[in-house]
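S.K.: Let me give you the structure first, and then I'll get to my questions.
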Amino acid sequence: MNVLDVSAGPAGIDDLKRAHRGTWASGSYATVAERLIDDVPPRHLLDRVGIEPGTDVLDIATGTGNVAIKAARVGARVTGLDLTPELFGRGRQRAAEAGVEIEWVEGDAEALPFEDASFDRVLSTFGIQFAPRHEVAAREAVRVARPGATIGLIAWTPQSLLGQVLKTVGSRLPKPPEYASPPPLWGDEDHVHELFAGTGAELEFERAVNPIVDFDAAEDWVEFMAVNYGPLLKARERLSAEGTWADLREELVELTASFDRGGATGIWLEAEYLLALVHLPTG
């Protein structure tokens, strides 16, 4: 087995990973995932990568299993990996309700605890993009994929609502370490090409939008995210203590309103994402 040794990583990376785990364990990611991204993106990804009974699938940063459960329902043998095992309780409940079995593994996208060439499909939906060292996570995804496998990844684009939210929130917080790349870069075609350069893979890209509805106004969506979405909840806690949360909240409300396409009732937001298909060579 050729698992990456994270102990050789840059100074402070262990503390950063612990902070990431705490961020995603806070709030209620299950509520966000099931309400906002449980439909269009997972179906889009699975339709394009091709899943059949008996396919060995790894879902990186699985969270509560939005993709993993749907793949298992097709008959795939699915492993769901996440840095934050606190999310697995709801994932196991959802899997039981769907009548499927999934292997839930605590682990790091930058040091996958699997043998080389273990999976036919390696997937991630709005997950791998939050691993700080993009090139390391990409290399690990390739390592555990079998020859001829497809890696299918969905990420918010830099121009999307969520990409702009993350940028806006980040501008109010301490600058991350130099080795940590912004998550929305996974939603840029050129960046993804660079990550998989030298692998011999053929890449395909599709841009699509994930609708966000059922909120009365931009203020309601921002409040929902500030209570449930770990990165925004943690920012709210920090900035509230500093007395600047109200400023960020107003900026986020204005940003959200600018993405409103106007629903019959309430707001209609369209959050753009990039689907990247990385087809590895057969030998």
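Here's how to read the names in the structure tokens: chain A, B, ... by the order shown, residue numbers from 1 in each chain, ligand numbers from 1 in the order shown.
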Please, which residues of stretch 211-245 of chain A, numbered as in this document, come out strand (DSSP E) from DSSP, as a PyMOL selection string?

M.R.: chain A and resi 211-215

S.K.: Can you tell me which residues surround A:Gly54 at a distance of at most 7 Å, considering only C-alpha atoms, apart from same-chain residues fewer than 4 positions away, and format the answer as a list in words?

M.R.: Gly75, Ala76 and Arg77 of chain A

S.K.: Would you save the residues from that selection as a compact mmCIF listing (two decimals), in the first residue's frame, using C-alpha atoms?

M.R.:
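Written file, again_24.txt:
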# COMPACT_ATOMS: atom_id res chain seq x y z
CA GLY A 75 -26.18 -2.09 -6.68
CA ALA A 76 -22.67 -0.67 -6.38
CA ARG A 77 -20.33 -1.64 -3.56

S.K.: So which one's closest to A:Val222, A:Ala264, A:Val192, A:Val165, A:Leu277? Using only C-alpha atoms, please.

M.R.: A:Val165

S.K.: Write out as a JSON list (two decimals) with C-alpha atoms, in the first residue's frame which residues come within 6 Å of stretch 130-137 of chain A when counting only C-alpha atoms, dropping same-chain ones fewer than 4 positions away.

M.R.:
[["chain", "number", "residue", "atom", "x", "y", "z"],
["A", 109, "ALA", "CA", -8.84, 13.00, 1.16],
["A", 110, "GLU", "CA", -5.13, 13.81, 1.18],
["A", 180, "ALA", "CA", -4.08, 25.89, 1.15],
["A", 181, "SER", "CA", -5.83, 26.61, -2.15],
["A", 183, "PRO", "CA", -12.02, 25.52, -2.55],
["A", 195, "LEU", "CA", -4.20, 18.91, -11.11]]

S.K.: Would you kindly return, as a list of chain:residue names, each protein, DNA or RNA residue with an atom no farther than 9 Å from any atom of A:Gly99, considering only C-alpha atoms and excluding same-chain residues fewer than 4 positions away?

M.R.: A:Arg73, A:Arg94, A:Ala95

S.K.: So that I can check the surroundings of A:Thr31, please list as a VMD selection string every protein, DNA and RNA residue that reaches within 12 Å of it, counting only C-alpha atoms and ignoring chain neighbours fewer than 3 positions away.

M.R.: chain A and resid 26 to 28 34 to 38 63 to 64 66 87 90 to 91 224 to 225 227 to 230

S.K.: Considering only C-alpha atoms, state which residue in the set A:Lys175, A:Lys167, A:Arg236, A:Arg48 is at the smallest distance from A:Val278.

M.R.: A:Arg48

S.K.: If we count only C-alpha atoms, what is near A:Glu106 at a cut-off of 8 Å, once residues fewer than 3 positions away on the same chain are taken out, given as a compact mmCIF listing (two decimals) with N, CA and C atoms, in the first residue's frame?

M.R.:
# COMPACT_ATOMS: atom_id res chain seq x y z
N LEU A 81 -16.13 7.92 2.54
CA LEU A 81 -15.05 8.40 3.39
C LEU A 81 -15.27 9.87 3.74
N ASP A 82 -14.98 10.20 5.00
CA ASP A 82 -15.08 11.61 5.40
C ASP A 82 -14.14 11.88 6.57
N LEU A 83 -13.63 13.10 6.59
CA LEU A 83 -12.78 13.54 7.69
C LEU A 83 -13.57 13.74 8.97
N THR A 84 -14.89 13.85 8.84
CA THR A 84 -15.77 14.20 9.95
C THR A 84 -16.74 13.06 10.24
N PRO A 85 -16.36 12.09 11.06
CA PRO A 85 -17.23 10.95 11.31
C PRO A 85 -18.50 11.30 12.07

S.K.: Let's see if you can do this: from backbone DSSP, list all alpha helix (DSSP H) residues in stretch 103-228 of chain A, as a VMD selection string.

M.R.: chain A and resid 134 to 144 161 to 170 189 to 195 218 to 228

S.K.: Have a look at A:Lys70, A:Arg18, A:His191, A:Lys234 and name the one nearest to A:Ala276; count only C-alpha atoms.

M.R.: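 Of A:Lys70, A:Arg18, A:His191, A:Lys234, the one nearest A:Ala276, counting only C-alpha atoms, is A:His191.
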
S.K.: Which distance in Å separates atom CA of A:Phe259 and atom CA of A:Ile154, to one decimal?

M.R.: 20.2 Å

S.K.: Could you list, as a PyMOL selection string, every residue within 12 Å of stretch 168-173 of chain A, counting only C-alpha atoms and ignoring same-chain residues fewer than 2 positions away?

M.R.: chain A and resi 158-166+175-176+181-184+222+226+230-240+242-256

S.K.: Which residue is closest to A:Ala71? Choose from A:Ile102, A:Ala96, A:Leu112, A:Leu185 and count only C-alpha atoms.

M.R.: A:Ile102

S.K.: How many Å lie between atom CA of A:Gly127 and atom CA of A:Lys17, rounded to one decimal?

M.R.: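 That distance, rounded to one decimal, is 14.0 Å.
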